[in-house]
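See structure below.
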Amino acid sequence: MSEKIFEKLSTAVLEGDSGTSVETTQKGLDEGLSAGDILHSGLIVGMNEVGVRFKRGDMFVPEVLMSAEAMSEGMKLLRPLLAKSGVKMAGKIVMGTVKGDLHDIGKNLVSMMCEGAGFEIVNIGFDAAPEKFIEAIKEHQPNIVGMSAMLTTTMRAMGHTIKAIEEAGLRDTVDVMVGGAPVDQEFADRIGADGYGANAPASADLAKELVGIA
Amino acid sequence: MTSSNGLPIVVIACKVFQSQLERLMPENMAQDITFLDYGLHRVPDQLTVAVQETIDSIEKPSLIMLAYGLCGNGLRGIKSGQHTLIIPRTDDCIAILLGSRKKYIQEFEATPGTYYLTKGWLESGSNPLQEYNEYKEKYGEKDAAWIMDQQYKHYERLAFVAHTRNDIEKYRPQAQEVAKYCEQWGFRYEEILGSDSYIQRLIEVATKLDQADKEFVVIPPNRETTQAMFMR
């Protein structure tokens, strides 16, 4: 029975069907499935497939957006239950899109996947200057700083931000992970990031790895 | 016409540069010109494949002038094979359309949230208004409006770039129609007279390869482009 619900959930996410996603999430809960299982065996499975198809060019931005929304709507029901379940948080991530870049769809998607992996997210928005990252690090003392950029023109700001974090004497207190359409491992290495997430699911895995719970 | 190293010149260009190249390239400069579809940059992996296939289909060793930038990494991992490649060292077409990387950076720093519009984008229907109409057809009005909102709500400006006064006049009504649609997100509309200087230089250095400076990436035979080559 639970298999059927999980499949329906992953399909709802894949098809960007928020109504079915919410309905089925609720149905799963009513039937006694755990919030964690619904998230990991249902919603996230669908979102992982979205990532694969998008990369292949079989899915486009509008569909990805609707899929993310479908997952997000299901997440709303699960969030309070996940918090209540008393599972120890995996860690804290300050997440933002770097200076000059206004694209926050990917960053929000990564935030959601990391949240699903048990992290507390401090979302500092888009067009976030290095100073904003530094302030957030001082205030929230995260384990990880996640930076996103959508353009090759703006991804340079990731390097500038890492440098600013260094100069503020905070580099040793956090791991830095980077991602976004134009970013690759080579670039991440070049600017001295601790990790690169090729897509939202991979970024959540990376975050777990960085805090040593993968 | 051949390059200074005696190779025949072949041009592979994004359609966005078609009118500029046709206006500026000396007659008989190129053995062959291929214009590839505008929309390829949306899926950079497909752009890589399209450019690579076009390169690989050229039989004689040639100097290939690629009118592209890094284009979201679409031009990363391009293998020269038996050919020599010359490519503008820039992120994307905007710097080339505006005439220099410096001008692009100025515009970018002044208003990062700019959506650039060219006559090519208008003609091919690659603009927010057309996008909305396509989405409406596919996903219905409500979802289409939501999708557009997600993508464009943070932008501030619609900049129409054209290279002649004539083109600006001619395409203004279409550009303004797009601008009107984008008013819902508070876009302001501006017209920018582009410059031919970058593409003109590209044409020049294709014939005199030894004059290629840091504005260009030159790839000898049997090498491959990397992202870092386009950075400066």
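Residue numbering restarts at 1 in every chain; chains get A, B, ... in the order shown in the structure tokens, and ligands count up from 1 in that same order.
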Give me the residues within 10 Å of Leu85 of chain B as number ranges by chain, counting only C-alpha atoms and dropping any in the same chain fewer than 2 places off. B: 9-11, 55, 62-66, 78-83, 87, 206, 217-221, 223-225
Interface, chain B side, toward chain A (9 Å; only C-alpha atoms) as number ranges by chain: B: 43, 45-46, 70-73, 91-92, 105, 108-109, 111-113, 135, 143-144, 147-148, 150-152, 154-155, 227-228, 231
Suppose we keep N, CA and C atoms; can you now write the selection as a CSV table (one decimal), in the first residue's frame?
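The file below, out_16.csv, is the result:
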chain,number,residue,atom,x,y,z
B,43,VAL,N,19.7,25.3,-23.5
B,43,VAL,CA,20.2,24.0,-23.1
B,43,VAL,C,21.6,24.0,-23.5
B,45,ASP,N,24.2,22.2,-23.1
B,45,ASP,CA,24.7,20.9,-23.6
B,45,ASP,C,24.3,20.7,-25.1
B,46,GLN,N,23.2,21.1,-25.5
B,46,GLN,CA,22.7,21.0,-26.9
B,46,GLN,C,23.5,22.0,-27.8
B,70,LEU,N,31.1,32.3,-24.0
B,70,LEU,CA,31.1,31.0,-23.3
B,70,LEU,C,29.6,30.5,-23.3
B,71,CYS,N,28.7,31.4,-23.3
B,71,CYS,CA,27.2,31.0,-23.5
B,71,CYS,C,26.8,29.9,-22.5
B,72,GLY,N,26.9,30.3,-21.2
B,72,GLY,CA,26.4,29.3,-20.2
B,72,GLY,C,27.1,28.0,-20.2
B,73,ASN,N,28.4,28.0,-20.6
B,73,ASN,CA,29.2,26.8,-20.8
B,73,ASN,C,28.9,26.0,-22.1
B,91,ASP,N,31.5,36.2,-21.9
B,91,ASP,CA,30.5,35.3,-21.3
B,91,ASP,C,29.4,35.0,-22.3
B,92,ASP,N,28.9,36.0,-22.9
B,92,ASP,CA,27.8,35.7,-23.8
B,92,ASP,C,27.7,36.8,-24.9
B,105,ILE,N,30.1,45.3,-18.7
B,105,ILE,CA,30.3,45.3,-17.2
B,105,ILE,C,29.7,46.6,-16.7
B,108,PHE,N,26.1,46.1,-16.6
B,108,PHE,CA,25.7,45.1,-15.6
B,108,PHE,C,25.8,45.7,-14.2
B,109,GLU,N,26.8,46.4,-14.0
B,109,GLU,CA,27.0,47.0,-12.6
B,109,GLU,C,25.9,48.0,-12.3
B,111,THR,N,22.8,48.1,-13.7
B,111,THR,CA,21.5,47.4,-13.5
B,111,THR,C,21.7,45.9,-13.7
B,112,PRO,N,22.0,45.1,-12.7
B,112,PRO,CA,22.2,43.7,-12.9
B,112,PRO,C,20.9,43.0,-13.5
B,113,GLY,N,19.8,43.4,-13.0
B,113,GLY,CA,18.6,42.8,-13.4
B,113,GLY,C,18.0,43.3,-14.8
B,135,TYR,N,3.6,29.6,-23.0
B,135,TYR,CA,3.2,28.9,-21.7
B,135,TYR,C,1.7,28.8,-21.6
B,143,ASP,N,-1.3,29.1,-14.6
B,143,ASP,CA,0.0,28.5,-14.4
B,143,ASP,C,1.0,29.3,-15.2
B,144,ALA,N,0.7,29.8,-16.4
B,144,ALA,CA,1.6,30.6,-17.2
B,144,ALA,C,2.0,31.8,-16.5
B,147,ILE,N,4.3,31.0,-13.6
B,147,ILE,CA,5.7,30.6,-14.1
B,147,ILE,C,6.5,31.9,-14.5
B,148,MET,N,5.8,32.8,-15.2
B,148,MET,CA,6.5,34.0,-15.6
B,148,MET,C,6.9,34.8,-14.4
B,150,GLN,N,7.6,33.8,-11.4
B,150,GLN,CA,8.7,33.1,-10.7
B,150,GLN,C,10.0,33.5,-11.4
B,151,GLN,N,10.0,33.6,-12.7
B,151,GLN,CA,11.2,33.8,-13.5
B,151,GLN,C,11.7,35.3,-13.6
B,152,TYR,N,10.7,36.2,-13.6
B,152,TYR,CA,11.0,37.6,-14.0
B,152,TYR,C,10.8,38.6,-12.9
B,154,HIS,N,12.2,39.5,-10.3
B,154,HIS,CA,13.3,40.3,-9.7
B,154,HIS,C,14.0,41.2,-10.7
B,155,TYR,N,13.7,41.1,-12.0
B,155,TYR,CA,14.3,41.9,-13.0
B,155,TYR,C,13.8,43.4,-12.9
B,227,GLN,N,36.3,26.3,-19.6
B,227,GLN,CA,35.6,27.5,-19.0
B,227,GLN,C,36.6,28.6,-18.6
B,228,ALA,N,37.7,28.2,-18.0
B,228,ALA,CA,38.7,29.1,-17.5
B,228,ALA,C,39.3,30.0,-18.7
B,231,MET,N,37.5,33.2,-18.9
B,231,MET,CA,37.5,34.1,-17.8
B,231,MET,C,38.6,35.1,-17.8
If you count only C-alpha atoms, which residues fall within 9 Å of Ala200 of chain A, apart from same-chain ones fewer than 4 positions away, as an MDAnalysis selection string? chainID A and resid 47:48 51 106:107 109:114 179 204:205
Generate the output file for the selected residues, N, CA and C atoms, as a short mmCIF file (atom, residue, chain, number, x, y, z; two decimals), in the first residue's frame.
data_model
loop_
_atom_site.label_atom_id
_atom_site.label_comp_id
_atom_site.auth_asym_id
_atom_site.auth_seq_id
_atom_site.Cartn_x
_atom_site.Cartn_y
_atom_site.Cartn_z
N MET A 47 11.61 14.47 -7.20
CA MET A 47 12.46 15.62 -7.49
C MET A 47 13.81 15.19 -8.08
N ASN A 48 14.32 14.05 -7.62
CA ASN A 48 15.57 13.53 -8.19
C ASN A 48 15.41 13.24 -9.68
N GLY A 51 15.51 16.34 -11.72
CA GLY A 51 16.88 16.78 -11.95
C GLY A 51 17.51 16.07 -13.14
N GLY A 106 16.84 28.12 -8.24
CA GLY A 106 17.73 26.99 -7.94
C GLY A 106 18.14 26.99 -6.48
N LYS A 107 18.47 28.16 -6.00
CA LYS A 107 18.89 28.27 -4.59
C LYS A 107 17.78 27.83 -3.65
N LEU A 109 15.41 25.78 -4.36
CA LEU A 109 15.24 24.33 -4.54
C LEU A 109 16.29 23.56 -3.72
N VAL A 110 17.53 24.03 -3.79
CA VAL A 110 18.59 23.40 -2.99
C VAL A 110 18.26 23.53 -1.50
N SER A 111 17.77 24.71 -1.12
CA SER A 111 17.40 24.92 0.28
C SER A 111 16.38 23.89 0.72
N MET A 112 15.40 23.66 -0.14
CA MET A 112 14.33 22.72 0.20
C MET A 112 14.88 21.29 0.32
N MET A 113 15.76 20.92 -0.61
CA MET A 113 16.33 19.57 -0.55
C MET A 113 17.20 19.41 0.70
N CYS A 114 17.93 20.46 1.06
CA CYS A 114 18.77 20.38 2.26
C CYS A 114 17.90 20.32 3.51
N GLY A 179 27.11 26.14 -6.22
CA GLY A 179 26.36 25.48 -7.28
C GLY A 179 25.65 26.50 -8.15
N ALA A 204 22.29 18.41 -1.56
CA ALA A 204 21.88 17.94 -0.24
C ALA A 204 22.81 16.82 0.23
N ASP A 205 23.19 15.93 -0.69
CA ASP A 205 24.15 14.86 -0.35
C ASP A 205 25.49 15.46 0.07
#
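Distance-wise, atom CA of Ile33 of chain B and atom CA of Glu123 of chain B end up 20.4 Å apart.
Distances here use only C-alpha atoms; by that measure, the residue among A:Ala90, A:Arg79, A:Glu135, A:Met59 closest to Arg42 of chain B is A:Met59.
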Write out as a PyMOL selection string each polymer residue whose atoms come within 6 Å of Ala159 of chain B, counting only C-alpha atoms; drop sequence neighbours fewer than 6 positions from it. chain B and resi 116-117+190-191
Written selection (N, CA and C atoms) as a PDB file, in the first residue's frame:
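See out_38.pdb below for the written result:
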ATOM      1  N   TYR B 116      17.907  41.623 -21.829  1.00  0.00           N
ATOM      2  CA  TYR B 116      18.290  42.217 -23.099  1.00  0.00           C
ATOM      3  C   TYR B 116      17.421  41.669 -24.225  1.00  0.00           C
ATOM      4  N   LEU B 117      17.060  42.599 -25.096  1.00  0.00           N
ATOM      5  CA  LEU B 117      16.209  42.257 -26.221  1.00  0.00           C
ATOM      6  C   LEU B 117      16.924  42.691 -27.489  1.00  0.00           C
ATOM      7  N   GLU B 190      14.462  50.667 -21.870  1.00  0.00           N
ATOM      8  CA  GLU B 190      15.515  51.523 -22.406  1.00  0.00           C
ATOM      9  C   GLU B 190      15.963  51.004 -23.771  1.00  0.00           C
ATOM     10  N   GLU B 191      16.446  51.921 -24.596  1.00  0.00           N
ATOM     11  CA  GLU B 191      16.999  51.538 -25.892  1.00  0.00           C
ATOM     12  C   GLU B 191      18.499  51.806 -25.883  1.00  0.00           C
TER      13      GLU B 191
END
Got a sec to tell me which of segment 10-167 of chain B DSSP assigns to strand (DSSP E or B), as a VMD selection string? chain B and resid 10 to 14 32 to 36 63 to 67 79 84 to 88 114 to 118 157 to 162
What would the file look like if the residues just selected were written as a short mmCIF file (atom, residue, chain, number, x, y, z; two decimals), in the first residue's frame with C-alpha atoms?
data_model
loop_
_atom_site.label_atom_id
_atom_site.label_comp_id
_atom_site.auth_asym_id
_atom_site.auth_seq_id
_atom_site.Cartn_x
_atom_site.Cartn_y
_atom_site.Cartn_z
CA VAL B 10 34.80 29.17 -42.01
CA VAL B 11 32.24 30.96 -39.83
CA ILE B 12 29.94 29.35 -37.30
CA ALA B 13 27.72 31.91 -35.63
CA CYS B 14 24.67 32.28 -33.49
CA ASP B 32 31.21 28.79 -45.57
CA ILE B 33 28.91 30.33 -42.97
CA THR B 34 26.59 28.42 -40.71
CA PHE B 35 24.10 30.23 -38.51
CA LEU B 36 22.85 28.12 -35.65
CA LEU B 63 40.35 28.60 -39.35
CA ILE B 64 36.95 28.57 -37.75
CA MET B 65 35.57 31.83 -36.46
CA LEU B 66 33.03 31.09 -33.78
CA ALA B 67 30.72 34.03 -33.11
CA LYS B 79 37.32 20.18 -29.58
CA THR B 84 42.07 26.26 -35.47
CA LEU B 85 39.34 28.10 -33.59
CA ILE B 86 38.97 31.76 -32.74
CA ILE B 87 36.28 32.82 -30.27
CA PRO B 88 35.51 36.13 -28.51
CA THR B 114 18.44 43.57 -17.12
CA TYR B 115 16.65 41.52 -19.74
CA TYR B 116 18.29 42.22 -23.10
CA LEU B 117 16.21 42.26 -26.22
CA THR B 118 17.53 42.24 -29.77
CA ARG B 157 14.94 46.70 -16.85
CA LEU B 158 14.20 45.71 -20.41
CA ALA B 159 16.99 46.93 -22.69
CA PHE B 160 16.45 46.83 -26.42
CA VAL B 161 19.80 46.68 -28.25
CA ALA B 162 20.03 47.41 -31.97
#
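Atom pair atom CA of Arg101 of chain B / atom CA of Ile199 of chain B: separated by 11.8 Å.
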Among segment 44-187 of chain B, which residues does DSSP mark as alpha helix (DSSP H) when it is run on the backbone? Keep the chain and numbering as in the structure and answer as a PyMOL selection string. chain B and resi 44-56+93-98+101-110+119-124+128-139+141-152+165-182
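Using only C-alpha atoms, the smallest distance between any of A:Glu73, A:Glu23, A:Glu7, A:Asp175 and Ile93 of chain A comes from A:Asp175.
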Excluding Thr48 of chain B and any residue of its chain fewer than 3 positions from it, enumerate the residues within 8 Å of it, using only C-alpha atoms, and give them as a PyMOL selection string. chain B and resi 44-45+51-52+74-78
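Of the residues listed (B:Gly69, B:His41, B:Ser126, B:Tyr181), B:Gly69 shows the shortest atom-to-atom separation from Thr226 of chain B; distances use only C-alpha atoms.
Once Gln26 of chain A and its same-chain neighbours fewer than 2 positions away are set aside, Ile5, Phe6, Leu9, Gly19, Thr20, Ser21, Val22, Glu23, Thr24, Gly28, Leu29, Asp30, Glu31, Gly32, Leu33, Ser34, Ala35, Ile38, Leu39, Glu73, Gly74, Met75, Lys76, Leu77, Leu78 and Leu81 of chain A remain within 12 Å of it when counting only C-alpha atoms.
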Any idea what the distance is between atom CA of Glu131 of chain A and atom CA of Lys92 of chain A? 18.9 Å
